[in-house]
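Colleague: My structure file work.cif, mmCIF, C-alpha atoms, is below:
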data_work
#
loop_
_atom_site.group_PDB
_atom_site.id
_atom_site.type_symbol
_atom_site.label_atom_id
_atom_site.label_comp_id
_atom_site.auth_asym_id
_atom_site.auth_seq_id
_atom_site.Cartn_x
_atom_site.Cartn_y
_atom_site.Cartn_z
ATOM 1 C CA MET A 515 9.625 9.530 79.606
ATOM 2 C CA ASN A 516 8.764 11.978 76.780
ATOM 3 C CA ASP A 517 5.072 11.570 77.614
ATOM 4 C CA ILE A 518 5.859 12.748 81.131
ATOM 5 C CA ILE A 519 7.808 15.726 79.752
ATOM 6 C CA GLY A 520 4.907 16.627 77.449
ATOM 7 C CA LYS A 521 2.390 16.443 80.272
ATOM 8 C CA ALA A 522 4.742 18.465 82.486
ATOM 9 C CA ALA A 523 5.017 21.156 79.797
ATOM 10 C CA LEU A 524 1.235 21.290 79.461
ATOM 11 C CA THR A 525 0.812 21.420 83.243
ATOM 12 C CA CYS A 526 3.516 24.081 83.508
ATOM 13 C CA SER A 527 1.734 26.140 80.875
ATOM 14 C CA ALA A 528 -1.564 25.828 82.699
ATOM 15 C CA VAL A 529 0.091 26.836 85.976
ATOM 16 C CA MET A 530 1.742 29.821 84.279
ATOM 17 C CA LEU A 531 -1.604 30.908 82.876
ATOM 18 C CA ALA A 532 -3.360 30.496 86.209
ATOM 19 C CA ALA A 533 -0.633 32.243 88.200
ATOM 20 C CA LEU A 534 -0.235 35.326 86.051
ATOM 21 C CA PRO A 535 -2.058 38.522 86.922
ATOM 22 C CA ALA A 536 -5.034 39.296 84.699
ATOM 23 C CA SER A 537 -3.158 42.164 83.021
ATOM 24 C CA ALA A 538 -0.584 39.713 81.679
ATOM 25 C CA LEU A 539 -3.341 37.730 79.995
ATOM 26 C CA ALA A 540 -4.546 40.667 77.932
ATOM 27 C CA ARG A 541 -5.346 40.052 74.304
ATOM 28 C CA ASP A 542 -2.539 40.396 71.755
ATOM 29 C CA ASP A 543 -4.255 43.347 70.100
ATOM 30 C CA ASP A 544 -3.782 45.417 73.272
ATOM 31 C CA LYS A 545 -0.120 46.384 72.705
ATOM 32 C CA ASN A 546 -0.100 49.342 75.108
ATOM 33 C CA THR A 547 -0.839 47.367 78.269
ATOM 34 C CA PRO A 548 1.765 48.282 80.889
ATOM 35 C CA PRO A 549 3.768 45.562 82.631
ATOM 36 C CA PRO A 550 2.424 44.220 85.944
ATOM 37 C CA ALA A 551 2.757 46.753 88.774
ATOM 38 C CA ILE A 552 5.089 44.532 90.795
ATOM 39 C CA PHE A 553 7.567 44.517 87.895
ATOM 40 C CA GLN A 554 7.096 48.219 87.119
ATOM 41 C CA ASP A 555 7.936 49.030 90.767
ATOM 42 C CA VAL A 556 11.408 47.516 90.278
ATOM 43 C CA ILE A 557 11.916 49.463 87.029
ATOM 44 C CA ASP A 558 10.827 52.713 88.701
ATOM 45 C CA CYS A 559 13.644 52.420 91.240
ATOM 46 C CA LYS A 560 16.151 53.518 88.576
ATOM 47 C CA LYS A 561 14.527 56.982 88.551
ATOM 48 C CA MET A 562 15.877 57.729 92.022
ATOM 49 C CA MET A 563 18.940 59.967 91.875
ATOM 50 C CA GLU A 564 20.390 59.370 95.314
ATOM 51 C CA PRO A 565 22.401 56.092 95.197
ATOM 52 C CA THR A 566 21.546 54.911 98.731
ATOM 53 C CA ALA A 567 17.817 55.514 98.218
ATOM 54 C CA ARG A 568 17.961 53.783 94.797
ATOM 55 C CA LEU A 569 19.725 50.740 96.285
ATOM 56 C CA SER A 570 17.228 50.624 99.147
ATOM 57 C CA CYS A 571 14.361 50.808 96.633
ATOM 58 C CA TYR A 572 15.853 47.974 94.560
ATOM 59 C CA ASP A 573 16.401 45.827 97.641
ATOM 60 C CA GLU A 574 12.804 46.317 98.790
ATOM 61 C CA LYS A 575 11.139 45.858 95.373
ATOM 62 C CA VAL A 576 13.277 42.868 94.358
ATOM 63 C CA ALA A 577 12.450 41.176 97.680
ATOM 64 C CA THR A 578 8.741 41.785 96.990
ATOM 65 C CA LEU A 579 9.109 40.387 93.456
ATOM 66 C CA ALA A 580 11.010 37.323 94.735
ATOM 67 C CA ALA A 581 8.316 36.664 97.354
ATOM 68 C CA ALA A 582 5.609 36.943 94.690
ATOM 69 C CA GLN A 583 7.480 34.458 92.500
ATOM 70 C CA GLU A 584 7.941 32.067 95.415
ATOM 71 C CA SER A 585 4.222 32.204 96.246
ATOM 72 C CA ARG A 586 3.409 31.711 92.505
ATOM 73 C CA GLN A 587 1.614 35.077 92.219
ATOM 74 C CA VAL A 588 4.094 35.912 89.465
ATOM 75 C CA VAL A 589 5.680 33.376 87.159
ATOM 76 C CA ILE A 590 8.849 34.264 85.330
ATOM 77 C CA ALA A 591 9.636 32.407 82.115
ATOM 78 C CA ASP A 592 12.383 32.914 79.575
ATOM 79 C CA ARG A 593 11.924 32.691 75.807
ATOM 80 C CA GLU A 594 13.113 29.053 75.733
ATOM 81 C CA GLN A 595 10.480 28.015 78.288
ATOM 82 C CA ILE A 596 7.769 29.878 76.384
ATOM 83 C CA ASN A 597 8.782 28.235 73.107
ATOM 84 C CA GLU A 598 8.752 24.820 74.814
ATOM 85 C CA ALA A 599 5.234 25.528 76.099
ATOM 86 C CA ARG A 600 4.159 26.640 72.597
ATOM 87 C CA ARG A 601 5.487 23.384 71.182
ATOM 88 C CA GLY A 602 3.659 21.367 73.863
ATOM 89 C CA LEU A 603 0.415 23.200 73.132
ATOM 90 C CA PHE A 604 0.693 22.928 69.326
ATOM 91 C CA GLY A 605 -2.659 21.850 67.938
ATOM 92 C CA PHE A 606 -4.819 23.199 70.746
ATOM 93 C CA SER A 607 -7.110 26.163 70.164
ATOM 94 C CA LEU A 608 -6.113 28.751 72.730
ATOM 95 C CA PRO A 609 -7.118 32.379 73.107
ATOM 96 C CA LYS A 610 -4.520 34.886 71.963
ATOM 97 C CA ILE A 611 -2.693 36.039 75.055
ATOM 98 C CA ARG A 612 0.406 38.140 75.549
ATOM 99 C CA LEU A 613 2.074 35.321 77.478
ATOM 100 C CA PHE A 614 3.047 33.655 74.203
ATOM 101 C CA SER A 615 3.840 36.763 72.160
ATOM 102 C CA GLY A 616 6.868 38.991 72.274
ATOM 103 C CA GLY A 617 4.796 42.105 71.663
ATOM 104 C CA SER A 618 5.829 42.753 68.075
ATOM 105 C CA ASP A 619 3.739 41.157 65.325
ATOM 106 C CA GLU A 620 6.806 40.456 63.150
ATOM 107 C CA LYS A 621 8.671 38.747 65.979
ATOM 108 C CA ASP A 622 5.583 36.770 66.970
ATOM 109 C CA LYS A 623 5.157 35.491 63.391
ATOM 110 C CA GLU A 624 8.790 34.326 63.401
ATOM 111 C CA GLU A 625 8.304 32.414 66.649
ATOM 112 C CA ARG A 626 4.863 30.972 65.923
ATOM 113 C CA ILE A 627 5.051 27.212 65.573
ATOM 114 C CA GLU A 628 3.746 26.202 62.161
ATOM 115 C CA LYS A 629 4.819 22.555 62.224
ATOM 116 C CA LEU A 630 5.815 19.796 64.589
ATOM 117 C CA GLU A 631 8.185 17.016 63.572
ATOM 118 C CA THR A 632 8.416 14.114 65.988
ATOM 119 C CA THR A 633 8.017 10.356 66.374
ATOM 120 C CA ILE A 634 4.904 8.223 66.827
ATOM 121 C CA LYS A 635 4.795 6.408 70.163
ATOM 122 C CA SER A 636 1.716 4.332 69.323
ATOM 123 C CA ALA A 637 -1.026 4.147 66.697
ATOM 124 C CA ARG A 638 -4.418 2.524 66.837
ATOM 125 C CA GLN A 639 -7.337 2.354 64.465
ATOM 126 C CA PHE A 640 -10.860 3.393 65.317
ATOM 127 C CA GLY A 641 -14.024 3.744 63.312
ATOM 128 C CA TYR A 642 -13.697 3.151 59.581
ATOM 129 C CA GLY A 643 -9.940 2.920 59.156
ATOM 130 C CA LYS A 644 -9.125 6.213 60.866
ATOM 131 C CA TRP A 645 -6.178 6.535 63.230
ATOM 132 C CA ILE A 646 -5.420 7.859 66.694
ATOM 133 C CA LEU A 647 -1.737 8.669 66.984
ATOM 134 C CA THR A 648 0.105 9.154 70.270
ATOM 135 C CA LEU A 649 3.332 11.122 69.922
ATOM 136 C CA GLU A 650 6.602 10.524 71.774
ATOM 137 C CA GLU A 651 6.593 13.988 73.322
ATOM 138 C CA GLY A 652 2.999 13.656 74.424
ATOM 139 C CA GLY A 653 -0.351 14.443 72.922
ATOM 140 C CA GLN A 654 -2.798 12.469 70.828
ATOM 141 C CA TRP A 655 -3.974 13.313 67.334
ATOM 142 C CA GLN A 656 -7.052 11.869 65.638
ATOM 143 C CA GLN A 657 -7.499 11.498 61.893
ATOM 144 C CA THR A 658 -10.529 13.477 60.719
ATOM 145 C CA ASP A 659 -10.683 12.572 57.037
ATOM 146 C CA SER A 660 -11.185 9.181 55.382
ATOM 147 C CA ILE A 661 -7.900 8.975 53.445
ATOM 148 C CA ARG A 662 -6.356 5.515 53.568
ATOM 149 C CA LEU A 663 -2.620 5.324 54.167
ATOM 150 C CA ASN A 664 -0.423 3.083 52.007
ATOM 151 C CA ALA A 665 1.392 1.797 55.091
ATOM 152 C CA GLU A 666 -0.093 1.641 58.579
ATOM 153 C CA PRO A 667 1.545 3.975 61.091
ATOM 154 C CA ARG A 668 3.660 2.252 63.718
ATOM 155 C CA ALA A 669 5.644 3.181 66.813
ATOM 156 C CA GLY A 670 8.920 4.780 65.746
ATOM 157 C CA ASP A 671 7.576 6.257 62.487
ATOM 158 C CA THR A 672 8.328 9.921 61.863
ATOM 159 C CA ILE A 673 5.414 12.320 61.659
ATOM 160 C CA LEU A 674 5.281 15.902 60.441
ATOM 161 C CA ILE A 675 2.196 17.877 61.461
ATOM 162 C CA LYS A 676 1.648 21.249 59.769
ATOM 163 C CA THR A 677 -0.984 23.900 60.160
ATOM 164 C CA GLY A 678 -3.487 23.871 57.330
ATOM 165 C CA ALA A 679 -6.238 26.215 56.246
ATOM 166 C CA ILE A 680 -8.825 27.581 58.654
ATOM 167 C CA GLY A 681 -7.332 26.058 61.794
ATOM 168 C CA SER A 682 -6.890 22.563 60.414
ATOM 169 C CA TYR A 683 -3.795 20.356 60.635
ATOM 170 C CA LEU A 684 -2.195 18.010 58.119
ATOM 171 C CA ALA A 685 0.006 15.056 59.088
ATOM 172 C CA ASN A 686 2.562 13.279 56.924
ATOM 173 C CA ILE A 687 3.643 9.903 58.278
ATOM 174 C CA ASN A 688 6.934 8.691 56.809
ATOM 175 C CA GLY A 689 6.417 10.972 53.795
ATOM 176 C CA GLN A 690 3.076 9.441 52.786
ATOM 177 C CA ARG A 691 0.134 11.450 51.517
ATOM 178 C CA ALA A 692 -1.060 13.956 54.124
ATOM 179 C CA ILE A 693 -4.084 13.194 56.273
ATOM 180 C CA ARG A 694 -6.175 15.704 58.200
ATOM 181 C CA VAL A 695 -5.853 15.452 61.958
ATOM 182 C CA LYS A 696 -6.960 17.247 65.109
ATOM 183 C CA ARG A 697 -5.395 17.229 68.544
ATOM 184 C CA ILE A 698 -7.548 15.454 71.123
ATOM 185 C CA GLU A 699 -5.199 15.313 74.122
#
Please, can you express the file's structure as structure tokens?
Modeller:
Amino acid sequence: MNDIIGKAALTCSAVMLAALPASALARDDDKNTPPPAIFQDVIDCKKMMEPTARLSCYDEKVATLAAAQESRQVVIADREQINEARRGLFGFSLPKIRLFSGGSDEKDKEERIEKLETTIKSARQFGYGKWILTLEEGGQWQQTDSIRLNAEPRAGDTILIKTGAIGSYLANINGQRAIRVKRIE
């Protein structure tokens, strides 16, 4: 069940990325990029002074926005959905895009996922004693170093994966010595 949820989150994220206009995918360092025109059109309606004209403008622009959302030209996500997508994508190398940032560097640092604590769904050895770990919420991680664990990982064990130096990741399984891992799925 959790594997399905994880794959759904990854698929949802990919759909959100594919459906967004190119301006929404601008790099994080471009902080002055205006919102998409279809959204700005709704905001601009508040500038109208005459109440009937303003209401008419809102009705027209909101209908256009709703149609764009229905046809998946625009995807609307709240902070909770974005954080869920971030969690599902933890460990993947992705380009920096505004979709996952709130716009302010301080806020973005607060919301950046630095660790993932979950449960192992399955573990199997490959090569010379290295492990491939499948997590309950989806995703597979492969051991990249040659550190031997005191106890073999098993389904149901807790795992804590943290970001390491230079884009690496460290995993602690049931509090054992950390091993280096990379996300492969």
Colleague: Which one of A:Lys629, A:Arg568, A:Lys575, A:Lys635 sits closest to Ala669 in chain A if you count all atoms listed in the file?
Modeller: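 Closest to Ala669 in chain A, using all atoms listed in the file: A:Lys635.
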Colleague: Quick one, how far is CA of Leu649 in chain A from CA of Tyr683 in chain A?
Modeller: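 Between CA of Leu649 in chain A and CA of Tyr683 in chain A the gap works out to 14.9 Å.
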Colleague: Translate the PyMOL selection byres ((chain A and resi 664-666) around 10), as applied to the file shown, into an explicit residue set as a PyMOL selection string.
Modeller: chain A and resi 637-639+643+645+661-663+667-668+671+687-688+690-691
Colleague: Quick one: distance from CA of Asp659 in chain A to CA of Leu647 in chain A in Å, one decimal?
Modeller: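 For CA of Asp659 in chain A relative to CA of Leu647 in chain A, the distance reads 13.9 Å.
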Colleague: Quick one: pull the distance between CA of Leu630 in chain A and CA of Leu674 in chain A, Å, one decimal.
Modeller: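 Computing it gives 5.7 Å between the two atoms.
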Colleague: When you look at Ile698 in chain A with a cut-off of 10 Å (counting only C-alpha atoms), what residues show up, excluding the ones that are within fewer than 6 positions of it in the same chain? I need them as a list in words.
Modeller: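 The residues that qualify are Gly605, Phe606, Ile646, Leu647, Thr648, Gly653, Gln654, Trp655 and Gln656 of chain A.
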Colleague: Around all the atoms of range 639-651 of chain A listed in the file, with 4 Å of room on each side, what axis-aligned box do you get, giving centre and edge lengths in Å to one decimal, as lines of an AutoDock Vina configuration file?
Modeller:
center_x = -3.7
center_y = 8.2
center_z = 66.2
size_x = 28.6
size_y = 19.6
size_z = 22.2
Colleague: In terms of the shortest atom-to-atom distance over all atoms listed in the file, which of A:Arg694, A:Glu651, A:Ala591, A:Ala581 is closest to Leu603 in chain A?
Modeller: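 Of A:Arg694, A:Glu651, A:Ala591, A:Ala581, the one nearest Leu603 in chain A is A:Glu651, counting all atoms listed in the file.
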Colleague: Which residues fall under the PyMOL selection byres ((chain A and resi 572) around 10) in this file, as a list in words?
Modeller: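 The output of the PyMOL selection byres ((chain A and resi 572) around 10) on this file is Asp555, Val556, Ile557, Asp558, Cys559, Lys560, Thr566, Ala567, Arg568, Leu569, Ser570, Cys571, Asp573, Glu574, Lys575, Val576, Ala577 and Thr578 of chain A.
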Colleague: For the selection just defined, write its residues with C-alpha atoms to a file, as a short mmCIF file (atom, residue, chain, number, x, y, z; two decimals), keeping the file's coordinate frame.
Modeller:
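This went into again08.cif:
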data_model
loop_
_atom_site.label_atom_id
_atom_site.label_comp_id
_atom_site.auth_asym_id
_atom_site.auth_seq_id
_atom_site.Cartn_x
_atom_site.Cartn_y
_atom_site.Cartn_z
CA ASP A 555 7.94 49.03 90.77
CA VAL A 556 11.41 47.52 90.28
CA ILE A 557 11.92 49.46 87.03
CA ASP A 558 10.83 52.71 88.70
CA CYS A 559 13.64 52.42 91.24
CA LYS A 560 16.15 53.52 88.58
CA THR A 566 21.55 54.91 98.73
CA ALA A 567 17.82 55.51 98.22
CA ARG A 568 17.96 53.78 94.80
CA LEU A 569 19.73 50.74 96.28
CA SER A 570 17.23 50.62 99.15
CA CYS A 571 14.36 50.81 96.63
CA ASP A 573 16.40 45.83 97.64
CA GLU A 574 12.80 46.32 98.79
CA LYS A 575 11.14 45.86 95.37
CA VAL A 576 13.28 42.87 94.36
CA ALA A 577 12.45 41.18 97.68
CA THR A 578 8.74 41.78 96.99
#
Colleague: Which residue out of A:Ile590, A:Ala599, A:Ala580, A:Ile673 has the minimum interatomic distance to Thr633 in chain A when all atoms listed in the file are used?
Modeller: A:Ile673
Colleague: Go through A:Gly652, A:Arg586, A:Leu579, A:Ser636 and flag the residue nearest Arg601 in chain A, using all atoms listed in the file for the distances.
Modeller: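 Once distances to Arg601 in chain A are computed over all atoms listed in the file, the minimum belongs to A:Gly652.
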Colleague: Of the candidates A:Gln587, A:Gln595, A:Thr658, A:Gln554, which one gets nearest to Ala692 in chain A if we count only C-alpha atoms?
Modeller: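 Of all the options, A:Thr658 lies closest to Ala692 in chain A.
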